[in-house]
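To be precise, the following lines are data_39.txt, and they hold compact mmCIF, C-alpha atoms.
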# COMPACT_ATOMS: atom_id res chain seq x y z
CA MET W 251 -24.76 63.56 32.27
CA VAL W 252 -22.41 65.93 30.54
CA ARG W 253 -19.77 65.34 33.20
CA MET W 254 -20.15 61.57 32.91
CA ALA W 255 -19.79 61.74 29.16
CA GLY W 256 -16.67 63.84 29.66
CA LEU W 257 -15.26 61.28 32.08
CA ARG W 258 -16.00 58.44 29.71
CA GLU W 259 -14.27 60.32 26.88
CA ARG W 260 -11.21 60.92 29.05
CA LYS W 261 -11.02 57.25 30.03
CA LYS W 262 -11.34 56.23 26.41
CA GLU W 263 -8.56 58.58 25.40
CA GLN W 264 -6.35 57.20 28.20
CA THR W 265 -6.93 53.64 27.00
CA ARG W 266 -6.17 54.69 23.41
CA GLN W 267 -2.92 56.34 24.52
CA ARG W 268 -1.93 53.32 26.62
CA ILE W 269 -2.46 50.87 23.75
CA ALA W 270 -0.46 53.11 21.40
CA ALA W 271 2.39 53.52 23.91
CA VAL W 272 2.64 49.78 24.56
CA ALA W 273 2.56 49.03 20.84
CA TRP W 274 5.27 51.58 20.10
CA GLN W 275 7.56 50.18 22.69
CA MET W 276 7.20 46.74 21.10
CA PHE W 277 7.61 48.11 17.56
CA THR W 278 10.82 49.96 18.42
CA GLU W 279 12.25 46.90 20.18
CA ARG W 280 11.41 44.34 17.51
CA GLY W 281 10.26 46.16 14.36
CA PHE W 282 6.73 46.63 13.08
CA ASP W 283 6.35 43.39 11.15
CA ALA W 284 7.59 41.13 13.96
CA VAL W 285 4.90 42.22 16.45
CA SER W 286 1.39 40.73 16.27
CA VAL W 287 -1.85 42.43 17.27
CA ASN W 288 -2.44 39.60 19.77
CA GLU W 289 0.80 40.39 21.54
CA ILE W 290 -0.05 44.10 21.70
CA ALA W 291 -3.51 43.41 23.14
CA GLU W 292 -2.01 41.08 25.74
CA ALA W 293 0.70 43.55 26.77
CA ALA W 294 -1.82 46.41 26.97
CA GLU W 295 -4.22 44.17 28.93
CA VAL W 296 -7.19 44.66 26.63
CA ALA W 297 -9.19 42.21 24.51
CA LYS W 298 -8.27 42.06 20.84
CA ALA W 299 -11.78 43.29 19.98
CA THR W 300 -11.25 46.31 22.25
CA LEU W 301 -7.98 47.09 20.51
CA PHE W 302 -9.71 46.98 17.12
CA ALA W 303 -12.45 49.26 18.44
CA TYR W 304 -9.77 51.88 19.01
CA PHE W 305 -7.56 51.15 16.00
CA PRO W 306 -9.00 49.46 12.90
CA SER W 307 -5.60 47.97 11.93
CA LYS W 308 -2.05 47.48 13.11
CA GLU W 309 -0.98 50.10 10.57
CA SER W 310 -3.41 52.70 11.93
CA LEU W 311 -2.09 51.96 15.42
CA ALA W 312 1.48 52.60 14.29
CA LEU W 313 0.59 55.79 12.44
CA HIS W 314 -1.54 57.18 15.31
CA GLY W 315 -0.58 60.83 15.65
CA VAL W 316 1.77 60.79 12.64
CA GLY W 317 0.88 63.40 10.05
CA GLY W 318 -2.81 62.54 9.96
CA ASP W 319 -3.94 66.16 10.01
CA ASP W 320 -7.40 66.93 8.72
CA LEU W 321 -6.28 69.34 5.98
CA ALA W 322 -9.69 69.31 4.31
CA GLY W 323 -11.45 70.19 7.56
CA ILE W 324 -9.00 73.00 8.33
CA VAL W 325 -9.71 74.54 4.92
CA ALA W 326 -13.47 73.90 5.01
CA ARG W 327 -13.88 75.52 8.44
CA ARG W 328 -11.83 78.66 7.69
CA PRO W 329 -13.45 82.03 8.42
CA ALA W 330 -14.88 83.91 5.44
CA GLY W 331 -12.33 86.17 3.78
CA GLN W 332 -9.30 83.92 4.43
CA THR W 333 -7.46 82.35 1.52
CA PHE W 334 -7.30 78.56 1.87
CA LEU W 335 -3.56 78.68 2.49
CA GLU W 336 -3.89 80.95 5.54
CA PRO W 337 -5.44 78.43 7.98
CA LEU W 338 -3.07 75.72 6.71
CA ARG W 339 -0.10 78.00 7.35
CA ALA W 340 -1.41 78.90 10.82
CA HIS W 341 -1.92 75.21 11.66
CA HIS W 342 1.62 74.26 10.65
CA ARG W 343 3.10 77.33 12.27
CA ALA W 344 1.49 76.20 15.54
CA LEU W 345 2.82 72.66 15.08
CA ALA W 346 6.33 74.01 14.52
CA ALA W 347 6.03 76.17 17.64
CA GLY W 348 5.08 73.19 19.85
CA GLU W 349 8.50 71.83 20.61
CA VAL W 350 9.41 68.19 21.26
CA PRO W 351 10.98 67.96 24.75
CA GLU W 352 14.65 66.92 24.41
CA GLY W 353 13.87 63.87 26.57
CA GLU W 354 11.31 62.58 24.06
CA LEU W 355 13.63 62.98 21.10
CA GLU W 356 14.99 59.44 21.27
CA ALA W 357 11.48 57.98 21.25
CA LEU W 358 10.51 60.15 18.26
CA LEU W 359 13.60 59.12 16.28
CA ALA W 360 13.00 55.47 17.11
CA ARG W 361 9.48 55.87 15.75
CA VAL W 362 10.72 57.42 12.54
CA ARG W 363 13.17 54.54 12.11
CA VAL W 364 10.43 51.93 12.59
CA ILE W 365 8.33 53.60 9.88
CA GLN W 366 11.28 53.96 7.50
CA ASP W 367 12.25 50.29 8.01
CA SER W 368 8.82 48.84 7.27
CA PRO W 369 7.57 48.79 3.65
CA THR W 370 4.10 47.99 5.04
CA LEU W 371 4.10 51.17 7.13
CA GLN W 372 5.59 53.23 4.30
CA HIS W 373 2.73 52.05 2.13
CA ALA W 374 0.17 52.85 4.84
CA ALA W 375 1.67 56.31 5.36
CA ASN W 376 1.49 56.95 1.61
CA ALA W 377 -2.13 55.80 1.55
CA GLN W 378 -2.92 58.15 4.45
CA LEU W 379 -1.30 61.05 2.62
CA TYR W 380 -3.22 60.12 -0.53
CA HIS W 381 -6.54 60.26 1.35
CA GLN W 382 -5.66 63.62 2.94
CA ARG W 383 -4.83 64.96 -0.53
CA GLU W 384 -8.05 63.61 -2.07
CA ALA W 385 -10.19 65.08 0.72
CA LEU W 386 -8.49 68.47 0.37
CA ALA W 387 -8.97 68.37 -3.42
CA GLN W 388 -12.66 67.66 -2.89
CA VAL W 389 -13.08 70.72 -0.65
CA LEU W 390 -11.32 72.92 -3.23
CA ALA W 391 -13.07 71.46 -6.27
CA ASP W 392 -16.30 73.44 -5.89
CA GLU W 393 -14.43 76.70 -6.13
CA TYR W 394 -11.67 75.90 -8.62
CA GLY W 395 -12.84 72.89 -10.64
CA PRO W 396 -11.55 69.34 -10.23
CA THR W 397 -8.22 69.60 -12.07
CA ALA W 398 -7.02 72.86 -10.50
CA ALA W 399 -8.14 71.53 -7.10
CA ALA W 400 -6.22 68.26 -7.62
CA LEU W 401 -3.10 70.20 -8.63
CA MET W 402 -3.38 72.54 -5.64
CA ALA W 403 -3.91 69.70 -3.17
CA ALA W 404 -0.98 67.79 -4.68
CA GLN W 405 1.34 70.80 -4.32
CA ILE W 406 0.26 71.33 -0.71
CA ALA W 407 0.57 67.66 0.30
CA ALA W 408 3.99 67.36 -1.37
CA SER W 409 5.22 70.49 0.42
CA LEU W 410 4.03 69.24 3.83
CA LEU W 411 5.70 65.86 3.27
CA THR W 412 8.93 67.66 2.34
CA LEU W 413 8.75 69.71 5.55
CA GLN W 414 8.38 66.52 7.56
CA GLU W 415 11.24 64.78 5.73
CA THR W 416 13.51 67.81 6.21
CA TYR W 417 12.66 67.97 9.92
CA PHE W 418 13.43 64.29 10.50
CA ARG W 419 16.63 64.56 8.44
CA HIS W 420 17.77 67.42 10.68
CA LEU W 421 17.13 65.36 13.80
CA GLN W 422 18.75 62.25 12.36
CA SER W 423 21.88 64.20 11.46
CA GLY W 424 22.26 65.25 15.09
CA ALA W 425 20.41 68.56 15.45
CA SER W 426 18.94 69.21 18.90
CA ALA W 427 15.17 69.36 19.32
CA LEU W 428 15.45 73.12 19.64
CA GLU W 429 17.56 73.55 16.49
CA ALA W 430 15.30 71.25 14.46
CA HIS W 431 12.20 73.15 15.57
CA ARG W 432 13.72 76.53 14.80
CA ALA W 433 14.61 75.31 11.31
CA LEU W 434 11.11 73.85 10.90
CA ALA W 435 9.48 77.15 11.87
CA GLN W 436 11.49 78.92 9.14
CA ASP W 437 10.82 76.16 6.61
CA VAL W 438 7.05 76.34 7.21
CA GLU W 439 7.10 80.03 6.21
CA LEU W 440 9.29 79.25 3.18
CA ALA W 441 6.98 76.44 2.07
CA PHE W 442 3.83 78.55 2.31
CA ASP W 443 5.52 81.52 0.61
CA LEU W 444 6.46 79.26 -2.31
CA LEU W 445 2.95 77.78 -2.41
CA GLY W 446 1.30 81.18 -2.23
CA HIS W 447 3.48 83.23 -4.54
CA GLY W 448 4.83 80.57 -6.88
CA LEU W 449 8.22 79.49 -8.11
CA ASP W 450 8.69 82.29 -10.65
CA GLN W 451 8.60 84.75 -7.76
CA ALA W 452 11.40 82.78 -6.08
CA GLU W 453 13.46 83.43 -9.19
CA GLY W 454 12.72 87.12 -8.88
CA ARG W 455 10.42 87.40 -11.94
CA MET E 170 33.09 53.58 -38.23
CA VAL E 171 30.53 56.20 -37.42
CA ARG E 172 27.99 54.46 -39.63
CA MET E 173 28.73 51.10 -38.02
CA ALA E 174 28.28 52.56 -34.56
CA GLY E 175 24.98 54.06 -35.71
CA LEU E 176 23.84 50.71 -37.07
CA ARG E 177 24.80 48.97 -33.86
CA GLU E 178 22.86 51.54 -31.85
CA ARG E 179 19.79 51.05 -34.03
CA LYS E 180 19.98 47.27 -33.66
CA LYS E 181 20.33 47.62 -29.90
CA GLU E 182 17.31 49.90 -29.74
CA GLN E 183 15.31 47.43 -31.84
CA THR E 184 16.20 44.60 -29.46
CA ARG E 185 15.26 46.73 -26.47
CA GLN E 186 11.91 47.60 -28.03
CA ARG E 187 11.25 43.95 -28.94
CA ILE E 188 11.95 42.73 -25.40
CA ALA E 189 9.69 45.45 -23.94
CA ALA E 190 6.88 44.67 -26.41
CA VAL E 191 7.00 40.94 -25.71
CA ALA E 192 7.08 41.54 -21.95
CA TRP E 193 4.13 43.92 -22.10
CA GLN E 194 2.03 41.46 -24.03
CA MET E 195 2.70 38.87 -21.33
CA PHE E 196 2.07 41.33 -18.48
CA THR E 197 -1.26 42.45 -19.89
CA GLU E 198 -2.36 38.85 -20.46
CA ARG E 199 -1.33 37.45 -17.08
CA GLY E 200 -0.43 40.36 -14.77
CA PHE E 201 3.01 41.58 -13.79
CA ASP E 202 3.67 39.25 -10.86
CA ALA E 203 2.71 36.05 -12.68
CA VAL E 204 5.32 36.47 -15.45
CA SER E 205 8.96 35.48 -14.81
CA VAL E 206 12.04 37.04 -16.39
CA ASN E 207 12.96 33.59 -17.75
CA GLU E 208 9.68 33.40 -19.65
CA ILE E 209 10.16 36.88 -21.09
CA ALA E 210 13.71 36.08 -22.25
CA GLU E 211 12.51 32.87 -23.85
CA ALA E 212 9.59 34.54 -25.64
CA ALA E 213 11.82 37.38 -26.85
CA GLU E 214 14.47 34.84 -27.97
CA VAL E 215 17.32 36.39 -26.01
CA ALA E 216 19.51 35.04 -23.19
CA LYS E 217 18.53 36.09 -19.69
CA ALA E 218 21.91 37.88 -19.36
CA THR E 219 21.13 39.84 -22.53
CA LEU E 220 17.76 40.86 -21.13
CA PHE E 221 19.41 42.11 -17.95
CA ALA E 222 21.97 44.05 -20.02
CA TYR E 223 19.02 46.03 -21.41
CA PHE E 224 16.85 46.18 -18.30
CA PRO E 225 18.38 45.81 -14.83
CA SER E 226 15.13 44.44 -13.35
CA LYS E 227 11.65 43.20 -14.22
CA GLU E 228 10.30 46.44 -12.73
CA SER E 229 12.49 48.64 -14.95
CA LEU E 230 11.31 46.61 -17.96
CA ALA E 231 7.68 47.23 -17.05
CA LEU E 232 8.21 50.94 -16.45
CA HIS E 233 10.25 51.44 -19.65
CA GLY E 234 8.94 54.62 -21.21
CA VAL E 235 6.55 55.42 -18.35
CA GLY E 236 7.14 58.85 -16.85
CA GLY E 237 10.90 58.42 -16.51
CA ASP E 238 11.68 61.90 -17.84
CA ASP E 239 15.04 63.38 -16.96
CA LEU E 240 13.64 66.49 -15.24
CA ALA E 241 17.00 67.37 -13.71
CA GLY E 242 18.73 67.22 -17.11
CA ILE E 243 16.03 69.33 -18.74
CA VAL E 244 16.53 72.04 -16.12
CA ALA E 245 20.34 71.77 -16.04
CA ARG E 246 20.65 72.12 -19.84
CA ARG E 247 18.29 75.11 -20.20
CA PRO E 248 19.58 78.15 -22.09
CA ALA E 249 20.79 81.09 -20.00
CA GLY E 250 18.01 83.54 -19.18
CA GLN E 251 15.22 80.92 -18.94
CA THR E 252 13.49 80.30 -15.63
CA PHE E 253 13.69 76.62 -14.63
CA LEU E 254 9.96 76.15 -15.18
CA GLU E 255 10.13 77.24 -18.85
CA PRO E 256 11.97 74.19 -20.28
CA LEU E 257 9.84 71.87 -18.09
CA ARG E 258 6.68 73.48 -19.44
CA ALA E 259 7.96 73.24 -23.02
CA HIS E 260 8.82 69.57 -22.53
CA HIS E 261 5.38 68.68 -21.20
CA ARG E 262 3.65 70.84 -23.77
CA ALA E 263 5.42 68.80 -26.46
CA LEU E 264 4.42 65.53 -24.78
CA ALA E 265 0.79 66.65 -24.67
CA ALA E 266 0.93 67.61 -28.35
CA GLY E 267 2.19 64.16 -29.39
CA GLU E 268 -1.07 62.30 -29.57
CA VAL E 269 -1.60 58.58 -28.89
CA PRO E 270 -3.07 57.00 -32.06
CA GLU E 271 -6.61 55.78 -31.33
CA GLY E 272 -5.48 52.25 -32.30
CA GLU E 273 -2.87 52.18 -29.52
CA LEU E 274 -5.27 53.36 -26.84
CA GLU E 275 -6.28 49.86 -25.77
CA ALA E 276 -2.64 48.87 -25.27
CA LEU E 277 -1.95 52.02 -23.25
CA LEU E 278 -4.96 51.45 -21.00
CA ALA E 279 -3.99 47.81 -20.51
CA ARG E 280 -0.55 49.01 -19.42
CA VAL E 281 -2.02 51.46 -16.93
CA ARG E 282 -4.19 48.67 -15.50
CA VAL E 283 -1.19 46.35 -15.08
CA ILE E 284 0.69 49.04 -13.16
CA GLN E 285 -2.34 49.91 -11.00
CA ASP E 286 -2.93 46.22 -10.21
CA SER E 287 0.61 45.46 -9.03
CA PRO E 288 1.79 46.80 -5.65
CA THR E 289 5.35 45.90 -6.73
CA LEU E 290 5.07 48.15 -9.78
CA GLN E 291 3.34 50.91 -7.84
CA HIS E 292 6.25 50.84 -5.43
CA ALA E 293 8.80 50.89 -8.29
CA ALA E 294 6.96 53.79 -9.96
CA ASN E 295 7.01 55.72 -6.67
CA ALA E 296 10.72 55.02 -6.27
CA GLN E 297 11.34 56.26 -9.82
CA LEU E 298 9.42 59.46 -9.09
CA TYR E 299 11.35 59.86 -5.85
CA HIS E 300 14.67 59.66 -7.72
CA GLN E 301 13.51 62.17 -10.36
CA ARG E 302 12.50 64.54 -7.57
CA GLU E 303 15.80 64.13 -5.72
CA ALA E 304 17.85 64.74 -8.88
CA LEU E 305 15.83 67.85 -9.71
CA ALA E 306 16.25 69.14 -6.15
CA GLN E 307 19.99 68.64 -6.45
CA VAL E 308 20.15 70.75 -9.62
CA LEU E 309 18.14 73.54 -7.95
CA ALA E 310 19.97 73.40 -4.60
CA ASP E 311 23.01 75.44 -5.72
CA GLU E 312 20.80 78.37 -6.60
CA TYR E 313 18.09 78.23 -3.94
CA GLY E 314 19.54 76.27 -1.03
CA PRO E 315 18.60 72.67 -0.15
CA THR E 316 15.23 73.23 1.54
CA ALA E 317 13.75 75.61 -1.03
CA ALA E 318 15.06 73.29 -3.77
CA ALA E 319 13.46 70.24 -2.12
CA LEU E 320 10.14 72.09 -1.79
CA MET E 321 10.23 73.27 -5.42
CA ALA E 322 11.10 69.81 -6.74
CA ALA E 323 8.32 68.27 -4.62
CA GLN E 324 5.75 70.74 -5.96
CA ILE E 325 6.82 70.07 -9.54
CA ALA E 326 6.89 66.26 -9.20
CA ALA E 327 3.48 66.24 -7.48
CA SER E 328 1.99 68.40 -10.23
CA LEU E 329 3.34 66.17 -13.01
CA LEU E 330 2.00 63.07 -11.27
CA THR E 331 -1.40 64.73 -10.97
CA LEU E 332 -1.36 65.55 -14.70
CA GLN E 333 -0.65 61.91 -15.48
CA GLU E 334 -3.37 60.65 -13.12
CA THR E 335 -5.91 63.09 -14.58
CA TYR E 336 -5.01 62.04 -18.14
CA PHE E 337 -5.41 58.32 -17.37
CA ARG E 338 -8.66 58.99 -15.49
CA HIS E 339 -10.04 60.76 -18.56
CA LEU E 340 -9.13 57.81 -20.78
CA GLN E 341 -10.48 55.25 -18.32
CA SER E 342 -13.79 57.07 -18.11
CA GLY E 343 -14.20 56.74 -21.87
CA ALA E 344 -12.66 59.89 -23.39
CA SER E 345 -11.21 59.42 -26.88
CA ALA E 346 -7.45 59.78 -27.38
CA LEU E 347 -8.10 63.15 -29.00
CA GLU E 348 -10.29 64.44 -26.14
CA ALA E 349 -7.87 63.23 -23.49
CA HIS E 350 -4.94 64.93 -25.24
CA ARG E 351 -6.81 68.19 -25.67
CA ALA E 352 -7.62 68.18 -21.95
CA LEU E 353 -4.01 67.30 -21.12
CA ALA E 354 -2.69 70.20 -23.20
CA GLN E 355 -4.91 72.60 -21.23
CA ASP E 356 -4.03 70.98 -17.92
CA VAL E 357 -0.29 71.31 -18.60
CA GLU E 358 -0.71 75.09 -18.95
CA LEU E 359 -2.85 75.21 -15.80
CA ALA E 360 -0.31 73.19 -13.81
CA PHE E 361 2.62 75.40 -14.84
CA ASP E 362 0.62 78.59 -14.26
CA LEU E 363 -0.13 77.40 -10.71
CA LEU E 364 3.49 76.41 -10.15
CA GLY E 365 4.80 79.66 -11.55
CA HIS E 366 2.39 82.18 -10.07
CA GLY E 367 1.29 80.37 -6.92
CA LEU E 368 -2.02 79.48 -5.33
CA ASP E 369 -2.80 82.93 -3.94
CA GLN E 370 -2.89 84.22 -7.50
CA ALA E 371 -5.46 81.54 -8.33
CA GLU E 372 -7.61 83.04 -5.60
CA GLY E 373 -7.24 86.43 -7.18
CA ARG E 374 -5.00 87.96 -4.48

If you convert what's in this file into structure tokens, what do you get?
Amino acid sequence: MVRMAGLRERKKEQTRQRIAAVAWQMFTERGFDAVSVNEIAEAAEVAKATLFAYFPSKESLALHGVGGDDLAGIVARRPAGQTFLEPLRAHHRALAAGEVPEGELEALLARVRVIQDSPTLQHAANAQLYHQREALAQVLADEYGPTAAALMAAQIAASLLTLQETYFRHLQSGASALEAHRALAQDVELAFDLLGHGLDQAEGR
Amino acid sequence: MVRMAGLRERKKEQTRQRIAAVAWQMFTERGFDAVSVNEIAEAAEVAKATLFAYFPSKESLALHGVGGDDLAGIVARRPAGQTFLEPLRAHHRALAAGEVPEGELEALLARVRVIQDSPTLQHAANAQLYHQREALAQVLADEYGPTAAALMAAQIAASLLTLQETYFRHLQSGASALEAHRALAQDVELAFDLLGHGLDQAEGR
């Protein structure tokens, strides 16, 4: 039974990946807004209802795998004795270490362009970030009170978004995948140092 | 000549205020998207071209006086020997001290509702915040390098937005103007302490 459940999970994940891949090819060719969910379902050879079982909306399909990290969960599940920044730093350090193969760079940049070109997707990405921030604030609120928690979560979310923007800007201005990832690895440390020690420290006070 | 220039400036400011007041009455009655620039110009008894000389767009008219602080200028003009957070803290401390008269609370809350109800205005407010953040990063970049500057500006902008959200949430949940301002004054200090000393310090490390 366990093995069958595992098989079923793997098949599900394959279907999810196939739908996302087909959709992304259509989005990069024609832009997000010009592609309908019907067309995606048809091209991926699934029923529309099946598609919606995997992705509740066209936006969620487009943002699949883009910055949707469970920040609140990472903090909530940290071992006793760790500050809440430590597991977040470790998570982003690992992301920066996992390089994008040079051959997949074009596809990644095309994806970034599709998101940047669609106000609908920009809005959805902002909403996603807002929910991540709110969930993180909720986890921190017990310990620090609601306002301090909201401020902390806002600082963290803003820093992570800046890391992402800086990374994509590097790639778009012609850096290789390797160069961009090396810079990202350094920037992750810089971001978490600033978050941890504060801006006065950066000024040497 | 100096006195005439002063008079002209005062008249201009009065016209600007009158246009904004008329527009806001119409926005709160009917919502931002339902009111046209033509209607505002007519109600304010100015030509449409005059209106556009004061406000380049309907969005800028609606956001007049809402969180458009010149953060970059405040930092750039600080006296030698101050950290860049000091003048920003002083500025927001002063804003928190300047109370909203209880009689104007209804109008303020109506304004907040209009902005929250209009995706167009939300988008314009985000764009405004984005430009403030970029300008601040540019001022800090000479001293700290572009990435550290971008991270610092992002942390600051996110904290200020959180202060504003918390303040409006207090008012919307029934706090008096006095209570909301007292809380804001405390929250400003908390926000700048977190920015200055970092989140590890908040954890007592």

Exercise for review: Enumerate as a ChimeraX atom specification the residues belonging to chain W that approach chain E to within 9 Å, with all atoms listed in the file taken into account.
Suggested key: /W:333-335,373,394,397-398,400-402,404-413,416,437,440-441,443-453,455

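Residue nearest Ala294 (chain E) within the list E:Glu275, E:Glu228, E:Asp239, E:Glu208: E:Glu228 [criterion: smallest interatomic distance, all atoms listed in the file].
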
So that all listed atoms of region 215-225 of chain E fit with 5 Å spare on each side, what axis-aligned box centre and edge lengths in Å, to one decimal, would you give as AutoDock Vina command-line options?
--center_x 19.4 --center_y 40.6 --center_z -20.4 --size_x 15.1 --size_y 21.1 --size_z 21.2

Practice item. Show which residues sit within 8 Å of region 184-188 of chain E, as a count of residues only. Count all atoms listed in the file, and ignore same-chain residues fewer than 6 positions away. Key: 5

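Distance-wise, CA of Ala293 (chain E) and CA of Glu214 (chain E) end up 26.0 Å apart.
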
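Among E:Val281, E:Ala266, E:Val191, E:Ala241, the residue with the shortest atom-to-atom distance to Glu348 (chain E), counting all atoms listed in the file, is E:Ala266.
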
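Between CA of Ala306 (chain E) and CA of Ala318 (chain E) there is a distance of 4.9 Å.
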
Check your understanding: Which of these, W:Val364, W:Ala299, W:Ala273, W:Leu321, has the shortest distance to Leu390 (chain W) once you count all atoms listed in the file?
Key -> W:Leu321

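Interatomic distance, CA of Val316 (chain W) to CA of His300 (chain E): 24.1 Å.
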
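Residues within 9 Å of Phe282 (chain W), counting all atoms listed in the file and excluding same-chain residues fewer than 6 positions away, are Trp274, Met276, Lys308, Glu309, Ala312, Val364, Ile365, Asp367, Ser368, Thr370 and Leu371 of chain W.
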
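Nearest-residue note for Arg419 (chain W): choosing from W:Gln388, W:Gln264, W:Gln366, W:Ser286, the minimum distance belongs to W:Gln366, counting only C-alpha atoms.
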
Practice item. Pick out the residues sitting within 7 Å of region 338-346 of chain W, and hand them over as a PyMOL selection string; count all atoms listed in the file, and ignore anything fewer than 6 positions along from it in its own chain. Key: chain W and resi 324-325+431+434-435+438+442
